[in-house]
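One file, work38.txt, is given below (compact mmCIF, C-alpha atoms and all ligand atoms).
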```
# COMPACT_ATOMS: atom_id res chain seq x y z
CA MET D 1 39.05 89.53 107.21
CA ALA D 2 42.39 87.68 107.53
CA GLU D 3 43.92 86.75 104.20
CA ILE D 4 45.74 83.41 104.19
CA ALA D 5 48.20 81.88 101.73
CA VAL D 6 48.88 78.17 101.35
CA PHE D 7 52.31 76.92 100.24
CA GLY D 8 51.88 73.64 98.31
CA TYR D 9 48.60 72.35 96.88
CA GLY D 10 49.11 68.65 97.56
CA THR D 11 47.30 66.33 99.94
CA VAL D 12 47.45 68.57 103.02
CA GLY D 13 47.47 71.94 101.21
CA SER D 14 44.32 71.12 99.23
CA GLY D 15 42.79 69.99 102.55
CA VAL D 16 43.63 73.37 104.13
CA VAL D 17 41.81 75.18 101.32
CA GLU D 18 38.83 72.84 101.71
CA VAL D 19 38.64 73.22 105.51
CA ILE D 20 38.77 77.03 105.30
CA ASP D 21 36.33 77.24 102.37
CA ARG D 22 33.85 74.82 103.95
CA ASN D 23 34.01 76.01 107.56
CA ALA D 24 34.65 79.75 107.04
CA GLU D 25 31.22 80.75 108.40
CA LEU D 26 31.61 78.52 111.44
CA MET D 27 35.04 79.97 112.23
CA LYS D 28 33.66 83.49 111.68
CA SER D 29 30.97 82.78 114.27
CA ARG D 30 33.82 81.82 116.60
CA GLY D 31 35.60 85.09 116.10
CA VAL D 32 37.95 84.62 113.13
CA ASP D 33 37.06 85.52 109.57
CA MET D 34 39.63 83.99 107.20
CA HIS D 35 39.93 83.48 103.49
CA VAL D 36 42.50 81.78 101.26
CA LYS D 37 43.78 84.43 98.87
CA TYR D 38 46.70 82.55 97.28
CA VAL D 39 47.98 79.03 96.84
CA LEU D 40 51.63 78.62 95.89
CA ASP D 41 52.51 75.59 93.80
CA ILE D 42 54.86 74.56 91.02
CA ARG D 43 51.91 73.50 88.84
CA ASP D 44 49.19 75.92 87.65
CA PHE D 45 46.18 73.55 87.96
CA SER D 46 44.53 74.99 84.83
CA GLY D 47 40.91 73.90 84.54
CA ASP D 48 40.66 73.36 88.32
CA PRO D 49 38.56 75.86 90.36
CA ILE D 50 41.67 76.56 92.45
CA SER D 51 43.58 77.91 89.41
CA SER D 52 42.43 81.54 89.97
CA ARG D 53 44.18 81.51 93.35
CA ILE D 54 47.35 79.70 92.25
CA VAL D 55 50.61 81.62 92.05
CA ASN D 56 53.99 80.20 91.07
CA ASP D 57 56.08 83.05 92.47
CA VAL D 58 56.41 83.17 96.26
CA ASP D 59 57.21 86.90 96.18
CA VAL D 60 53.66 87.69 95.07
CA ILE D 61 52.56 86.37 98.47
CA LEU D 62 55.42 87.72 100.54
CA ASN D 63 54.99 91.23 99.09
CA ASP D 64 51.24 91.37 99.63
CA PRO D 65 50.61 93.33 102.87
CA GLU D 66 47.16 91.75 103.21
CA ILE D 67 48.60 88.27 103.94
CA SER D 68 48.78 87.64 107.70
CA VAL D 69 49.26 83.86 107.84
CA VAL D 70 50.92 81.27 105.61
CA CYS D 71 50.06 77.56 105.84
CA GLU D 72 53.22 75.74 104.75
CA THR D 73 52.32 72.30 103.41
CA MET D 74 55.05 71.86 100.79
CA GLY D 75 57.29 69.51 102.73
CA GLY D 76 61.08 69.25 102.66
CA ALA D 77 63.63 71.44 104.37
CA THR D 78 65.00 73.54 101.51
CA PHE D 79 62.42 75.77 99.78
CA ALA D 80 59.99 75.34 102.68
CA TYR D 81 62.71 76.65 105.02
CA GLU D 82 63.63 79.60 102.82
CA TYR D 83 60.02 80.64 102.20
CA SER D 84 58.97 80.18 105.84
CA ARG D 85 61.92 82.23 107.09
CA LYS D 86 61.18 85.03 104.61
CA ALA D 87 57.50 85.06 105.61
CA LEU D 88 58.34 85.24 109.33
CA GLU D 89 60.86 88.04 108.70
CA LYS D 90 57.98 90.01 107.20
CA GLY D 91 55.84 89.41 110.31
CA ILE D 92 53.67 86.78 108.58
CA SER D 93 52.89 83.84 110.90
CA VAL D 94 53.59 80.37 109.51
CA CYS D 95 51.58 77.24 110.36
CA THR D 96 53.05 73.98 109.15
CA SER D 97 52.54 70.22 108.86
CA ASN D 98 56.20 69.79 107.87
CA LYS D 99 57.88 67.77 110.64
CA GLU D 100 61.15 67.49 108.73
CA LEU D 101 61.49 71.27 108.85
CA VAL D 102 60.19 71.64 112.43
CA GLU D 103 62.69 69.06 113.67
CA ALA D 104 65.60 70.55 111.73
CA LYS D 105 64.93 74.29 112.00
CA GLY D 106 62.09 74.69 114.48
CA ALA D 107 64.10 76.47 117.17
CA GLU D 108 65.53 78.94 114.66
CA LEU D 109 62.18 79.63 112.98
CA MET D 110 60.42 80.14 116.33
CA LYS D 111 63.15 82.62 117.29
CA THR D 112 62.72 84.44 113.98
CA ALA D 113 58.97 84.56 114.61
CA ARG D 114 59.49 85.98 118.11
CA GLU D 115 61.80 88.67 116.75
CA HIS D 116 59.21 89.75 114.19
CA GLY D 117 56.04 89.68 116.28
CA CYS D 118 54.48 86.61 114.72
CA SER D 119 54.28 82.84 115.35
CA TYR D 120 55.64 79.59 113.95
CA MET D 121 53.06 76.88 114.65
CA PHE D 122 53.31 73.15 114.01
CA GLU D 123 50.37 71.26 115.51
CA ALA D 124 49.98 69.10 112.39
CA SER D 125 53.62 68.03 112.42
CA VAL D 126 53.01 65.35 115.08
CA GLY D 127 50.05 62.97 115.18
CA GLY D 128 48.23 64.41 112.14
CA GLY D 129 44.90 65.73 113.39
CA ILE D 130 45.43 64.84 117.08
CA PRO D 131 45.85 68.03 119.13
CA LEU D 132 49.06 66.91 120.82
CA ILE D 133 51.26 70.00 120.65
CA ARG D 134 48.53 72.25 122.03
CA THR D 135 47.78 69.69 124.75
CA ILE D 136 51.42 69.57 125.87
CA ASN D 137 51.74 73.36 125.67
CA ASP D 138 48.44 74.24 127.32
CA ALA D 139 46.49 71.49 129.04
CA LEU D 140 49.57 69.78 130.49
CA THR D 141 51.44 72.96 131.31
CA ALA D 142 51.32 72.28 135.09
CA GLU D 143 52.58 68.72 134.59
CA ARG D 144 56.07 67.25 134.65
CA ILE D 145 55.95 64.82 131.72
CA ASP D 146 58.19 61.82 132.32
CA ARG D 147 57.24 59.49 129.46
CA ILE D 148 55.75 59.62 125.99
CA TYR D 149 55.05 56.29 124.34
CA GLY D 150 53.04 55.68 121.21
CA ILE D 151 52.23 55.16 117.57
CA LEU D 152 53.22 58.27 115.65
CA ASN D 153 53.16 57.14 112.04
CA GLY D 154 49.91 56.44 110.21
CA THR D 155 51.44 54.76 107.15
CA THR D 156 53.29 52.07 109.10
CA ASN D 157 50.35 51.46 111.41
CA TYR D 158 48.15 51.05 108.33
CA ILE D 159 50.65 48.59 106.82
CA LEU D 160 51.10 46.56 110.03
CA THR D 161 47.33 46.39 110.61
CA LYS D 162 46.67 45.11 107.07
CA MET D 163 49.51 42.61 107.25
CA ASP D 164 48.22 41.38 110.59
CA GLU D 165 44.49 41.25 109.85
CA CYS D 166 44.37 40.40 106.14
CA GLY D 167 47.75 38.74 105.60
CA ALA D 168 48.45 41.43 102.98
CA GLY D 169 51.92 41.83 101.43
CA PHE D 170 54.12 44.76 102.48
CA ASP D 171 54.54 46.34 99.03
CA GLU D 172 50.87 46.07 98.16
CA VAL D 173 49.73 47.81 101.39
CA LEU D 174 52.41 50.47 101.15
CA LYS D 175 51.04 51.31 97.68
CA GLU D 176 47.54 51.62 99.16
CA ALA D 177 48.82 53.97 101.89
CA GLN D 178 50.49 56.10 99.21
CA GLU D 179 47.26 56.24 97.16
CA LEU D 180 45.36 57.33 100.27
CA GLY D 181 47.79 60.24 100.71
CA TYR D 182 49.22 58.96 104.01
CA ALA D 183 52.82 58.29 103.02
CA GLU D 184 55.70 60.72 102.67
CA LYS D 185 56.91 61.68 99.19
CA ASP D 186 59.73 59.21 99.79
CA PRO D 187 58.02 56.47 101.86
CA THR D 188 61.41 55.27 103.11
CA ALA D 189 60.94 57.92 105.80
CA ASP D 190 57.81 56.10 106.98
CA VAL D 191 58.88 52.46 106.73
CA GLU D 192 62.40 52.98 108.10
CA GLY D 193 60.99 54.84 111.13
CA HIS D 194 62.55 58.23 110.33
CA ASP D 195 59.20 60.03 110.28
CA ALA D 196 58.18 58.66 113.69
CA CYS D 197 61.67 59.52 114.91
CA ARG D 198 61.34 63.15 113.80
CA LYS D 199 57.99 63.34 115.59
CA ILE D 200 59.33 61.96 118.87
CA ALA D 201 62.28 64.37 118.52
CA ILE D 202 59.80 67.26 118.23
CA LEU D 203 57.96 66.08 121.34
CA ALA D 204 61.25 65.59 123.21
CA SER D 205 62.22 69.16 122.28
CA LEU D 206 58.88 70.51 123.42
CA VAL D 207 59.03 68.72 126.77
CA SER D 208 62.73 69.37 127.50
CA GLY D 209 62.91 72.90 126.08
CA LYS D 210 66.10 71.88 124.23
CA CYS D 211 66.66 70.91 120.61
CA ALA D 212 66.46 67.13 120.02
CA GLU D 213 68.02 65.83 116.80
CA TRP D 214 66.44 62.80 115.18
CA LYS D 215 69.82 61.39 114.14
CA ASP D 216 70.68 60.93 117.85
CA ILE D 217 67.74 58.58 118.37
CA ASP D 218 68.06 54.78 117.90
CA THR D 219 65.65 54.00 115.09
CA GLU D 220 64.47 50.78 113.51
CA GLY D 221 61.65 50.61 110.97
CA ILE D 222 59.21 47.87 109.99
CA THR D 223 60.83 46.48 106.84
CA ASN D 224 62.07 43.36 108.65
CA ILE D 225 58.67 42.42 110.08
CA ASP D 226 57.31 39.30 108.35
CA THR D 227 54.33 36.95 108.46
CA GLU D 228 56.09 34.61 110.88
CA ASP D 229 56.41 37.48 113.38
CA PHE D 230 52.65 38.07 113.16
CA ARG D 231 52.03 34.35 113.65
CA PHE D 232 54.09 34.32 116.85
CA ALA D 233 52.54 37.62 117.98
CA LYS D 234 49.02 36.23 117.64
CA GLU D 235 49.90 33.19 119.72
CA LEU D 236 51.28 35.52 122.39
CA GLY D 237 48.07 37.60 122.29
CA CYS D 238 49.99 40.58 120.90
CA SER D 239 49.95 42.93 117.93
CA ILE D 240 53.07 44.46 116.40
CA LYS D 241 53.29 48.27 116.29
CA LEU D 242 55.98 50.80 115.43
CA ILE D 243 56.48 52.57 118.76
CA ALA D 244 58.26 55.85 119.35
CA MET D 245 59.10 56.53 122.95
CA CYS D 246 60.89 59.09 125.02
CA ASP D 247 61.63 58.72 128.72
CA PHE D 248 62.56 61.75 130.81
CA ASN D 249 63.41 59.96 134.06
CA ASP D 250 67.10 60.36 134.87
CA GLY D 251 68.07 62.21 131.67
CA CYS D 252 66.31 61.77 128.37
CA ARG D 253 66.25 58.48 126.44
CA ALA D 254 64.43 57.91 123.17
CA ILE D 255 64.01 54.99 120.80
CA VAL D 256 61.85 54.08 117.79
CA SER D 257 61.32 50.40 117.07
CA PRO D 258 58.70 47.77 116.30
CA ARG D 259 57.28 46.26 119.48
CA MET D 260 55.01 43.42 120.47
CA ILE D 261 52.07 45.09 122.20
CA THR D 262 50.04 43.01 124.61
CA ALA D 263 46.24 42.87 124.44
CA ASP D 264 45.81 44.81 127.67
CA SER D 265 47.61 47.89 126.30
CA PRO D 266 45.32 50.60 124.87
CA LEU D 267 47.77 50.85 121.97
CA ASN D 268 46.92 47.29 120.90
CA SER D 269 43.61 48.46 119.46
CA VAL D 270 45.01 51.49 117.60
CA LYS D 271 44.56 50.35 114.02
CA GLY D 272 44.93 51.52 110.45
CA VAL D 273 45.98 55.13 109.91
CA PHE D 274 45.13 56.03 113.51
CA ASN D 275 47.83 57.12 115.95
CA GLY D 276 47.71 56.67 119.72
CA VAL D 277 50.01 58.32 122.24
CA LEU D 278 50.30 57.63 125.96
CA ILE D 279 51.71 60.42 128.10
CA HIS D 280 52.66 59.86 131.70
CA SER D 281 53.00 62.92 133.90
CA ASP D 282 53.38 63.51 137.61
CA MET D 283 49.97 64.92 138.54
CA LEU D 284 47.59 63.59 135.89
CA ASP D 285 49.25 60.15 135.73
CA ASP D 286 48.41 58.41 132.42
CA SER D 287 46.57 60.15 129.61
CA MET D 288 46.04 58.95 126.05
CA TYR D 289 45.55 60.81 122.78
CA TYR D 290 44.02 59.08 119.78
CA GLY D 291 42.98 60.05 116.28
CA ARG D 292 43.85 60.07 112.60
CA GLY D 293 47.61 60.34 112.29
CA ALA D 294 47.67 61.21 108.59
CA GLY D 295 45.37 62.09 105.70
CA LYS D 296 44.11 65.20 103.96
CA LEU D 297 41.33 66.69 106.09
CA ALA D 298 42.43 65.48 109.53
CA THR D 299 45.87 67.01 109.06
CA ALA D 300 44.53 70.14 107.38
CA SER D 301 42.17 70.71 110.30
CA ALA D 302 45.15 70.96 112.65
CA VAL D 303 46.92 73.42 110.32
CA VAL D 304 43.82 75.59 110.09
CA ALA D 305 43.32 75.54 113.88
CA ASP D 306 46.85 76.97 114.18
CA ALA D 307 46.03 79.65 111.60
CA PHE D 308 42.90 80.49 113.59
CA GLU D 309 45.02 81.00 116.74
CA CYS D 310 47.51 83.19 114.89
CA VAL D 311 44.74 85.45 113.64
CA ARG D 312 43.02 85.49 117.03
CA PHE D 313 46.22 86.44 118.87
CA ASP D 314 47.58 88.65 116.08
CA GLY D 315 51.04 89.98 116.90
CA LYS D 316 51.40 87.92 120.09
CA GLU D 317 53.56 84.81 120.22
CA VAL D 318 51.33 81.74 120.37
CA GLY D 319 52.58 78.46 121.82
CA ARG D 320 55.81 77.44 123.52
CA GLY D 321 58.87 76.11 121.76
CA TRP D 322 62.43 75.20 122.61
CA SER D 323 65.86 76.79 122.57
CA GLU D 324 68.68 76.07 120.13
CA GLU D 325 70.67 74.32 122.90
CA LYS D 326 71.20 70.69 121.89
CA LEU D 327 69.41 67.99 123.87
CA VAL D 328 71.94 65.29 124.74
CA PHE D 329 70.27 61.88 124.93
CA ALA D 330 71.35 59.20 127.40
CA ASP D 331 71.75 55.63 126.12
CA ALA D 332 68.36 54.03 125.39
CA ASP D 333 69.91 50.60 126.03
CA ASP D 334 70.02 51.45 129.75
CA MET D 335 66.25 51.07 129.85
CA LYS D 336 64.79 47.82 131.07
CA GLY D 337 62.37 45.75 129.04
CA ARG D 338 61.57 42.29 127.71
CA PHE D 339 62.47 40.98 124.28
CA PHE D 340 60.72 38.53 121.95
CA VAL D 341 63.32 36.30 120.30
CA ARG D 342 63.10 33.80 117.41
CA VAL D 343 65.69 31.02 117.56
CA ASP D 344 66.09 27.90 115.41
CA ASN D 345 64.70 24.83 117.13
CA ALA D 346 68.09 23.20 117.64
CA ASN D 347 69.29 26.11 119.82
CA ALA D 348 65.99 27.02 121.49
CA ASP D 349 66.56 25.40 124.89
CA ALA D 350 69.98 26.99 125.34
CA ALA D 351 68.60 30.40 124.31
CA ALA D 352 65.62 30.14 126.68
CA ALA D 353 67.93 29.28 129.58
CA ALA D 354 70.28 32.17 128.83
CA LEU D 355 67.47 34.70 128.39
CA GLY D 356 65.39 33.53 131.33
CA ALA D 357 62.45 32.81 129.02
CA SER D 358 59.84 30.64 130.68
CA ASP D 359 57.30 30.09 127.87
CA LYS D 360 58.29 28.90 124.43
CA ILE D 361 56.21 28.66 121.25
CA LYS D 362 57.47 26.01 118.87
CA HIS D 363 56.87 26.30 115.11
CA GLU D 364 58.13 24.02 112.30
CA ASN D 365 61.68 25.38 112.24
CA GLU D 366 61.85 28.00 114.92
CA THR D 367 60.92 28.65 118.53
CA GLY D 368 59.66 32.00 119.80
CA MET D 369 60.27 33.10 123.37
CA VAL D 370 60.04 36.20 125.54
CA SER D 371 63.05 37.06 127.67
CA ALA D 372 63.02 37.99 131.34
CA GLU D 373 63.22 41.71 132.06
CA MET D 374 66.68 43.18 131.60
CA ASN D 375 68.24 46.30 130.13
CA GLY D 376 69.15 46.54 126.46
CA LYS D 377 72.90 46.24 127.04
CA GLU D 378 72.52 43.08 129.09
CA PHE D 379 70.16 41.60 126.50
CA LYS D 380 72.47 42.32 123.56
CA LYS D 381 75.42 40.82 125.45
CA LYS D 382 73.48 37.62 126.12
CA LEU D 383 72.22 37.54 122.54
CA SER D 384 75.74 37.77 121.11
CA GLY D 385 76.64 34.55 122.95
CA LEU D 386 73.74 32.58 121.42
CA SER D 387 73.59 30.48 118.26
CA GLY D 388 70.67 30.16 115.85
CA VAL D 389 69.04 33.53 116.62
CA VAL D 390 66.81 34.64 113.75
CA LYS D 391 65.71 38.02 115.13
CA PHE D 392 64.35 39.89 118.14
CA ILE D 393 61.53 42.36 118.61
CA ARG D 394 61.15 44.54 121.70
CA PHE D 395 58.25 43.66 123.94
P1 LIG L 401 52.29 66.50 98.73
O1 LIG L 401 53.48 66.05 97.97
O2 LIG L 401 50.97 65.88 98.44
O3 LIG L 401 52.11 68.09 98.55
C1 LIG L 401 53.15 69.00 98.48
C2 LIG L 401 52.79 70.05 97.44
O4 LIG L 401 53.73 71.09 97.48
C3 LIG L 401 52.82 69.45 96.02
O5 LIG L 401 51.73 69.95 95.27
C4 LIG L 401 54.15 69.98 95.49
O6 LIG L 401 54.18 70.10 94.10
C5 LIG L 401 54.21 71.34 96.16
N1 LIG L 401 55.57 71.86 96.21
C6 LIG L 401 56.68 71.19 96.58
N2 LIG L 401 57.76 72.01 96.49
C7 LIG L 401 57.31 73.21 96.08
C8 LIG L 401 57.93 74.45 95.79
N3 LIG L 401 59.25 74.63 95.92
N4 LIG L 401 57.15 75.48 95.36
C9 LIG L 401 55.83 75.32 95.23
N5 LIG L 401 55.17 74.16 95.47
C10 LIG L 401 55.90 73.12 95.90
O7 LIG L 401 52.63 66.36 100.27
P2 LIG L 401 51.63 66.24 101.49
O8 LIG L 401 50.53 67.21 101.34
O9 LIG L 401 51.32 64.83 101.75
O10 LIG L 401 52.59 66.69 102.69
C11 LIG L 401 52.98 68.02 102.86
C12 LIG L 401 53.72 68.16 104.19
O11 LIG L 401 52.85 67.77 105.25
C13 LIG L 401 54.94 67.23 104.30
O12 LIG L 401 55.89 67.88 105.10
C14 LIG L 401 54.39 66.02 105.05
O13 LIG L 401 55.38 65.35 105.77
C15 LIG L 401 53.40 66.68 105.98
N6 LIG L 401 52.32 65.84 106.45
C16 LIG L 401 51.60 65.08 105.58
C17 LIG L 401 50.51 64.34 106.01
C18 LIG L 401 49.72 63.49 105.10
O14 LIG L 401 48.81 62.79 105.59
N7 LIG L 401 49.95 63.51 103.81
C19 LIG L 401 50.12 64.37 107.43
C20 LIG L 401 50.94 65.22 108.27
C21 LIG L 401 51.99 65.92 107.78
P3 LIG L 401 54.68 68.83 93.22
O15 LIG L 401 53.73 67.72 93.53
O16 LIG L 401 54.61 69.32 91.83
O17 LIG L 401 56.07 68.52 93.71
N1 LIG L 402 53.58 59.95 106.49
C1 LIG L 402 53.09 60.41 107.74
C2 LIG L 402 52.37 59.28 108.43
C3 LIG L 402 52.15 61.56 107.54
O1 LIG L 402 52.04 58.29 107.77
O2 LIG L 402 52.16 59.34 109.64
C4 LIG L 402 51.65 62.17 108.82
O3 LIG L 402 52.69 62.83 109.49
```

Can the structure from this file be put into structure tokens for me?
Ligand code: NDP
Ligand code: HSE
Amino acid sequence: MAEIAVFGYGTVGSGVVEVIDRNAELMKSRGVDMHVKYVLDIRDFSGDPISSRIVNDVDVILNDPEISVVCETMGGATFAYEYSRKALEKGISVCTSNKELVEAKGAELMKTAREHGCSYMFEASVGGGIPLIRTINDALTAERIDRIYGILNGTTNYILTKMDECGAGFDEVLKEAQELGYAEKDPTADVEGHDACRKIAILASLVSGKCAEWKDIDTEGITNIDTEDFRFAKELGCSIKLIAMCDFNDGCRAIVSPRMITADSPLNSVKGVFNGVLIHSDMLDDSMYYGRGAGKLATASAVVADAFECVRFDGKEVGRGWSEEKLVFADADDMKGRFFVRVDNANADAAAAALGASDKIKHENETGMVSAEMNGKEFKKKLSGLSGVVKFIRF
């Protein structure tokens, strides 16, 4: 039997224990017998059935030769980094949902794992329960991926869906997402787009084989999206989604921003906590991956599937990672696209002429319009010459 330890008994960690406890027999029938021996947490959970397995000292786990896999679900890049590194140095594989750590130290931790005959796995770090990492590593291994485009944050998609469909207020829905266990400890990471940015950086690293840094990616969150945007979007037959994208044609370009998504896009119907990712590759053409992007059991399932693989391939490196060489991004503003623009009514005609916008939607004080196709630099140059612009959203 493989003895497992879980670092952090929060939303995902408690899910990991539940998945292993509930589906242990099923996994045994599939060739892996695993059991959670310890759970590391700051609290002792006295009175809770988990308390007999709780330890507060990481060394109890690291010094127990029976432990073969650790599921790291603590979050953050300080203690989680130190404990993961120490575990790997002892030949204990680490499976994590912690995208902050994977983005910041993934290359180093995978190298450490390789040097010590174990694995550093991170399926749950992108897309919650959607098997994206394994798909890119395995199923798409004969493909040249040239574009990844999608919704990679459950909290913001939940917020945007509720604002759109129920007219709910931002703060109220964010609170709901936190209560449901979807949001980050500091939800700024969700609403400002940093979480989606880390996830697209991880995917960019995986595809390019080099280390992408999230700080190099243009990122805009959803805090400026308001009810008037949804009103215009509806009239255009669109929804508004936080989209993370990475394009590998002619260098690598990545951007995270809210976008108007037309009704004919499969991403238009990705709602609530669900994530949806479109991958374009040279042989398969388009493929789409859809599922719960956050939440206790969906995420935990992905962590446990990684632990299963580590036990099954004990001592062999599982998965493919990236080197420590930095990925240098090209300018995302070189990419072509269209832009939805809100302009005050007095300046609408001049703006439409400058932006090549054919259709205009007039509201009480403002007019909404969609520009002709142009690259980001050209658009921003034209925009700087206009008066009365309220805002723009990428199309
Ligand atoms: P939680 O805050 O719910 O859980 C983290 C747990 O780890 C808490 O119980 C926390 O204790 C404990 N912990 C933190 N630091 C330490 C430490 N130094 N020693 C021991 N225990 C510690 O977070 P989540 O479960 O939501 O998320 C965990 C990770 O998974 C994060 O990296 C997150 O980004 C990622 N993730 C989360 C998803 C979700 O849906 N929630 C989905 C996908 C990924 P305390 O509460 O006392 O601080
Ligand atoms: N806060 C993240 C989200 C958790 O909402 O997508 C899953 O990574």

Could you list, as a ChimeraX atom specification, all the residues within 10 Å of ligand LIG 402 (chain L), counting only C-alpha atoms and all ligand atoms? /D:12,97-100,124-129,151-159,177-178,181-191,194-196,198-199,273-275,292-296,298-299

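Nearest residue to Leu297 (chain D), choosing from D:Leu180, D:Lys271, D:Ser68, D:Ser358 and counting all atoms listed in the file: D:Leu180.
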
Which is closest to ligand LIG 401 (chain L) among D:Pro131, D:Pro65, D:Gly10, D:Gly15, if we use all atoms listed in the file?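 Once distances to ligand LIG 401 (chain L) are computed over all atoms listed in the file, the minimum belongs to D:Gly10.
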
Residue among D:Arg231, D:Lys86, D:Arg53, D:Arg147 lying closest to Val6 (chain D), counting all atoms listed in the file: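 Smallest distance to Val6 (chain D) is found for D:Arg53.
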
Point-to-point distance in Å for CA of Ile20 (chain D) and atom C18 of ligand LIG 401 (chain L): 17.4 Å

Applying 9 Å and all atoms listed in the file, which residues near Ala263 (chain D) remain after dropping the ones on its own chain fewer than 2 positions away? List them as JSON, numbers by chain. {"D": [237, 238, 239, 261, 265, 266, 267, 268, 269]}

Extract, using only C-alpha atoms, all DNA, RNA and protein residues at most 10 Å from region 362-368 of chain D, discarding same-chain residues fewer than 5 positions from it, and format them as a PyMOL selection string. chain D and resi 228-229+231-233+235-236+340-349+351-352+357+388-392

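Minimum distance to Glu115 (chain D) across D:Glu317, D:Gly272, D:Gly169, D:Ala372 (counting all atoms listed in the file) occurs at D:Glu317.
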
Closest of D:Met245, D:Met335, D:Leu62, D:Leu101 to Tyr81 (chain D) - atom-to-atom distances counting all atoms listed in the file: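 Nearest candidate to Tyr81 (chain D) out of D:Met245, D:Met335, D:Leu62, D:Leu101: D:Leu101.
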
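Considering the residues D:Leu160, D:Val16, D:Cys166, D:Cys118 and counting all atoms listed in the file, ligand LIG 401 (chain L) has its shortest atom-to-atom contact with D:Val16.
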
If we count all atoms listed in the file and set the cut-off at 10 Å, which residues sit around Ser281 (chain D), ignoring sequence neighbours fewer than 3 positions away in its own chain? Please answer as a PyMOL selection string. chain D and resi 140+142-148+278+284-287
